[in-house]
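As structure tokens, the structure follows; a few thoughts come after it.
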Amino acid sequence: MSRKRVAIIGAGASGLTAIKCCLDEGLEPVCFEKTNEIGGLWCYRESNEERDGLACVFKSTVINTSKEMMCYSDFPIPKEFPNFMHNRYVNRYFHLYADAFDLRKYIKTYTMVKMVTPADDFESSGCWRADIMDRASNKEWTEIFDAVLVCNGHHTYPYIPEFEGVKDFEGTVIHTHDYKRPAGYEDKRVLVIGVGNSGCDAAVELSRTAEQVFLSTRNGTWVLNRLQDHGIPADLVGVRRMWDLVPYGLRQAEFERRLNQQVDLEKYALKPKHHIFAAHPTVNDELPNRIANGTVKVKCNVKCFTKTGVEFEDGTTEEIDCVVLATGYTFSFPMVDPNVVHVDKNQVSLYKNVFPANQKHPTLAIIGLAQPWGAINPISEIQCRWATRVFKGTTLLPSKDKMLDYINTNKEDMKKRYVSSQRHTIQVDFITYMDEIASEFGVKPEFKKVFAQDPVLAFRCFFGPCYPYQYRLIGPGKWDGAKQAIETAWGRMLAAFDTRKVPVQETSSLGFWLKILVVIVVILGVWWTFI
């Protein structure tokens, strides 16, 4: 019996793991990549011509999630790689992954899928027709596939809001989609509209050479640092199962208190009206410093443009040379029949952000359509592990009615929690979502069993960081190296700092005896209280 053929659209972070997951399940992947290189968003290309209009990172972009939390679950990132990787390292990791599992031979570069529609016999076979074009020769042809994994990402189509008077503005206006480096902005007065990650990265970078940068925000934002106390990556502290033991309101209040303790966001004109968990936060280590030294000035929402500048909603005006729109993206899937996947203002009906519930056969899946409080790579991977098992027939989906109920309930929950915005239609919490998908095909860690077999490992998994390796401990796709990867992850994090041998200072004997004295006082205090 021949293997089922799976078409994979895109060879970025989602497409690469899709290929591997197909191979793991004995499926035959055929990956179509529009450009001439793998890596997707993280493959830096200087010009629009090189990028074919696709999004890519800035020249200076550094990822916001640490390496141990963003890696694929059976392929740890090398210990010598930095904890927060520049885009060069991220792309290098993808190449290492492709080479380690021999994925390149399944990728057809410079080849695009123009349209995917149900095959003529879809009702009985569940197969899909793919119209394909070789972009070098313009040759077109059609192939039939048993299943399809759509991995084109959601940073594709820049959202350009309309502003009164912008057509008469004599300066330049671009979207961060087209911004790559600060060259050409020297000694300019620049306005950045939007305080998401890209907007704040652009504002900080431009503020080093521009005459003045203004940062416009409608609602404000919570600003997080990449590092926590003692220089530990923040996600290694924040993404832990144990925090579920703390009541939601208390967690939220403590999180906000700590952020304001670092930088009082109200003083810095950044504090939003919404709570920390009601919107996607901004990660930026330098923004407060740039505001403090005056090179970035925070302003309210833009009311209108003039020929030479802008007027803000508070009535103030500024002369502006250049505008950078950091207003986000809209996502869509123009290569998929709209009767199968329909997107309206970033709203789409998918079961757990993956499967269309309206199809007779679950043989098409959308991968990577999530905006997590955490890393996206492990989410794309676990989605692919689940989808390929569904394609194979070893894992079944719930009934159509149950999937629709889940979709509707999830949309209502999103409305209650998040600020109303096109940005918050695919938001997920990392551990909650990973556990949901893992439960679909039996790879969610069962802590009672783990504790019975290995109490130390169970303690690490519950009280320590929720590394992606946890989802390789049991079930389909179990990896024998998962336990060791968990045990050695902290060491790999520390190894990245090991670039200079620091002399060990002699411990003061006075300090030692002071510690002993404190312990004795505490013991005596407890004894006096209870005895």
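Please note that chains go A, B, ... in the order of the structure tokens, that every chain numbers its residues from 1, and that ligands are numbered from 1 in the order shown.
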Can you tell me, as a list in words, what residues are no more than 12 Å from A:Ile232 when counting only C-alpha atoms, ignoring any on the same chain fewer than 4 positions away? Ser66, Asn83, Phe84, Asn225, Arg226, Leu227, Gln228, Leu236, Val237, Gly238, Pro465, Trp490, Met493, Leu494, Ala496 and Phe497 of chain A
Exercise: A:Leu270 partners within 8 Å, only C-alpha atoms, chain neighbours under 6 positions left out, as a VMD selection string: chain A and resid 220 to 222 298
Based on DSSP run over this structure's backbone, return all residues of stretch 358-507 of chain A in helix (DSSP H, G or I), as a ChimeraX atom specification. /A:377-392,400-417,422-424,430-440,447-453,455-463,468-472,482-495
Could you give me, as a PyMOL selection string, each residue of stretch 271-437 of chain A that DSSP assigns to strand (DSSP E or B) when run on this structure's backbone? chain A and resi 282-283+296-299+302-305+309-312+317-319+322-325+329-330+336+344+347+350-351+355-356+364-366+371-373+427-429
Same residues, N, CA, C and O atoms, output as a compact mmCIF listing (two decimals), in the first residue's frame:
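This is the output file again_29.txt:
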# COMPACT_ATOMS: atom_id res chain seq x y z
N THR A 282 4.28 43.74 25.25
CA THR A 282 5.44 44.10 24.43
C THR A 282 6.71 43.70 25.18
O THR A 282 6.83 43.95 26.37
N VAL A 283 7.62 43.07 24.47
CA VAL A 283 8.90 42.70 25.06
C VAL A 283 9.98 43.63 24.50
O VAL A 283 10.24 43.64 23.29
N VAL A 296 13.16 59.00 22.56
CA VAL A 296 11.80 58.54 22.21
C VAL A 296 10.81 59.28 23.08
O VAL A 296 10.97 59.33 24.30
N LYS A 297 9.80 59.87 22.45
CA LYS A 297 8.73 60.54 23.18
C LYS A 297 7.41 59.84 22.88
O LYS A 297 7.04 59.69 21.70
N VAL A 298 6.73 59.41 23.93
CA VAL A 298 5.47 58.69 23.76
C VAL A 298 4.33 59.69 23.56
O VAL A 298 4.20 60.66 24.33
N LYS A 299 3.52 59.46 22.55
CA LYS A 299 2.39 60.32 22.24
C LYS A 299 1.11 59.49 22.15
O LYS A 299 1.16 58.26 22.02
N VAL A 302 -2.94 59.22 16.79
CA VAL A 302 -2.92 60.25 15.76
C VAL A 302 -4.35 60.62 15.36
O VAL A 302 -5.17 59.75 15.08
N LYS A 303 -4.63 61.93 15.35
CA LYS A 303 -5.94 62.41 14.90
C LYS A 303 -5.96 62.57 13.39
O LYS A 303 -6.88 62.09 12.71
N CYS A 304 -4.95 63.25 12.86
CA CYS A 304 -4.89 63.46 11.41
C CYS A 304 -3.49 63.87 11.00
O CYS A 304 -2.65 64.24 11.83
N PHE A 305 -3.25 63.78 9.70
CA PHE A 305 -1.98 64.22 9.12
C PHE A 305 -2.14 65.63 8.54
O PHE A 305 -3.23 66.01 8.10
N GLY A 309 3.36 67.15 8.92
CA GLY A 309 3.41 66.50 10.23
C GLY A 309 2.09 65.85 10.60
O GLY A 309 1.31 65.43 9.73
N VAL A 310 1.84 65.79 11.91
CA VAL A 310 0.62 65.15 12.41
C VAL A 310 0.05 65.96 13.56
O VAL A 310 0.76 66.70 14.26
N GLU A 311 -1.25 65.80 13.75
CA GLU A 311 -1.92 66.30 14.94
C GLU A 311 -2.41 65.09 15.73
O GLU A 311 -2.99 64.17 15.16
N PHE A 312 -2.14 65.11 17.04
CA PHE A 312 -2.56 64.01 17.90
C PHE A 312 -3.92 64.31 18.53
O PHE A 312 -4.40 65.45 18.50
N THR A 317 0.74 69.02 18.17
CA THR A 317 1.19 68.77 16.80
C THR A 317 2.70 68.60 16.77
O THR A 317 3.41 69.09 17.65
N GLU A 318 3.18 67.89 15.77
CA GLU A 318 4.62 67.71 15.59
C GLU A 318 4.94 67.72 14.09
O GLU A 318 4.18 67.18 13.28
N GLU A 319 6.07 68.33 13.74
CA GLU A 319 6.58 68.26 12.38
C GLU A 319 7.26 66.90 12.22
O GLU A 319 8.08 66.50 13.05
N CYS A 322 9.23 61.32 8.54
CA CYS A 322 8.99 59.92 8.14
C CYS A 322 8.04 59.26 9.13
O CYS A 322 8.11 59.52 10.34
N VAL A 323 7.20 58.37 8.62
CA VAL A 323 6.25 57.63 9.45
C VAL A 323 6.47 56.14 9.23
O VAL A 323 6.58 55.68 8.08
N VAL A 324 6.53 55.39 10.32
CA VAL A 324 6.63 53.93 10.27
C VAL A 324 5.37 53.37 10.92
O VAL A 324 5.13 53.59 12.11
N LEU A 325 4.58 52.66 10.14
CA LEU A 325 3.35 52.05 10.66
C LEU A 325 3.65 50.68 11.24
O LEU A 325 4.02 49.75 10.51
N TYR A 329 -0.71 42.93 11.27
CA TYR A 329 -0.97 42.19 10.04
C TYR A 329 -2.40 41.65 10.04
O TYR A 329 -3.01 41.44 11.09
N THR A 330 -2.90 41.42 8.84
CA THR A 330 -4.10 40.60 8.70
C THR A 330 -3.64 39.28 8.10
O THR A 330 -2.69 39.25 7.31
N VAL A 336 -6.09 28.69 -0.44
CA VAL A 336 -7.06 27.66 -0.04
C VAL A 336 -8.46 28.11 -0.42
O VAL A 336 -8.83 29.28 -0.22
N ASP A 344 -12.37 36.54 8.08
CA ASP A 344 -13.00 37.86 8.04
C ASP A 344 -12.48 38.68 9.22
O ASP A 344 -12.77 38.39 10.38
N GLN A 347 -10.82 36.82 11.92
CA GLN A 347 -11.68 35.83 12.57
C GLN A 347 -11.79 34.62 11.65
O GLN A 347 -12.12 34.76 10.47
N LEU A 350 -11.80 27.57 13.30
CA LEU A 350 -10.98 26.37 13.26
C LEU A 350 -11.01 25.69 14.62
O LEU A 350 -10.91 26.36 15.65
N TYR A 351 -11.11 24.37 14.61
CA TYR A 351 -11.08 23.63 15.87
C TYR A 351 -9.67 23.67 16.43
O TYR A 351 -8.71 23.21 15.81
N PHE A 355 -8.09 22.75 12.65
CA PHE A 355 -8.93 22.03 11.69
C PHE A 355 -10.23 22.77 11.37
O PHE A 355 -10.96 23.17 12.29
N PRO A 356 -10.56 22.94 10.06
CA PRO A 356 -11.89 23.43 9.70
C PRO A 356 -12.94 22.40 10.14
O PRO A 356 -12.77 21.21 9.87
N LEU A 364 -7.19 18.51 5.92
CA LEU A 364 -6.50 19.79 5.74
C LEU A 364 -6.37 20.46 7.10
O LEU A 364 -7.34 20.51 7.86
N ALA A 365 -5.18 20.97 7.38
CA ALA A 365 -4.93 21.62 8.68
C ALA A 365 -4.12 22.90 8.49
O ALA A 365 -3.25 22.98 7.61
N ILE A 366 -4.44 23.89 9.31
CA ILE A 366 -3.70 25.15 9.34
C ILE A 366 -2.71 25.09 10.50
O ILE A 366 -3.10 24.81 11.63
N GLN A 371 -1.07 33.09 18.50
CA GLN A 371 -0.25 34.17 19.06
C GLN A 371 -0.07 33.84 20.54
O GLN A 371 -0.91 34.18 21.37
N PRO A 372 0.98 33.13 20.89
CA PRO A 372 1.10 32.60 22.25
C PRO A 372 1.76 33.55 23.23
O PRO A 372 2.56 34.41 22.86
N TRP A 373 1.37 33.39 24.52
CA TRP A 373 2.18 33.91 25.62
C TRP A 373 3.30 32.88 25.78
O TRP A 373 3.27 32.02 26.65
N GLN A 427 -5.04 34.46 20.08
CA GLN A 427 -4.21 34.46 21.29
C GLN A 427 -4.37 33.15 22.07
O GLN A 427 -5.49 32.65 22.22
N VAL A 428 -3.28 32.60 22.55
CA VAL A 428 -3.32 31.38 23.37
C VAL A 428 -2.31 31.49 24.51
O VAL A 428 -1.30 32.17 24.39
N ASP A 429 -2.60 30.80 25.61
CA ASP A 429 -1.63 30.64 26.70
C ASP A 429 -0.82 29.39 26.42
O ASP A 429 -1.38 28.32 26.13
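Among the candidate residues A:Ala18, A:Leu369, A:Ala130, A:Ile174, the one lying nearest to A:Tyr106 is A:Ala18, with distances computed using only C-alpha atoms.
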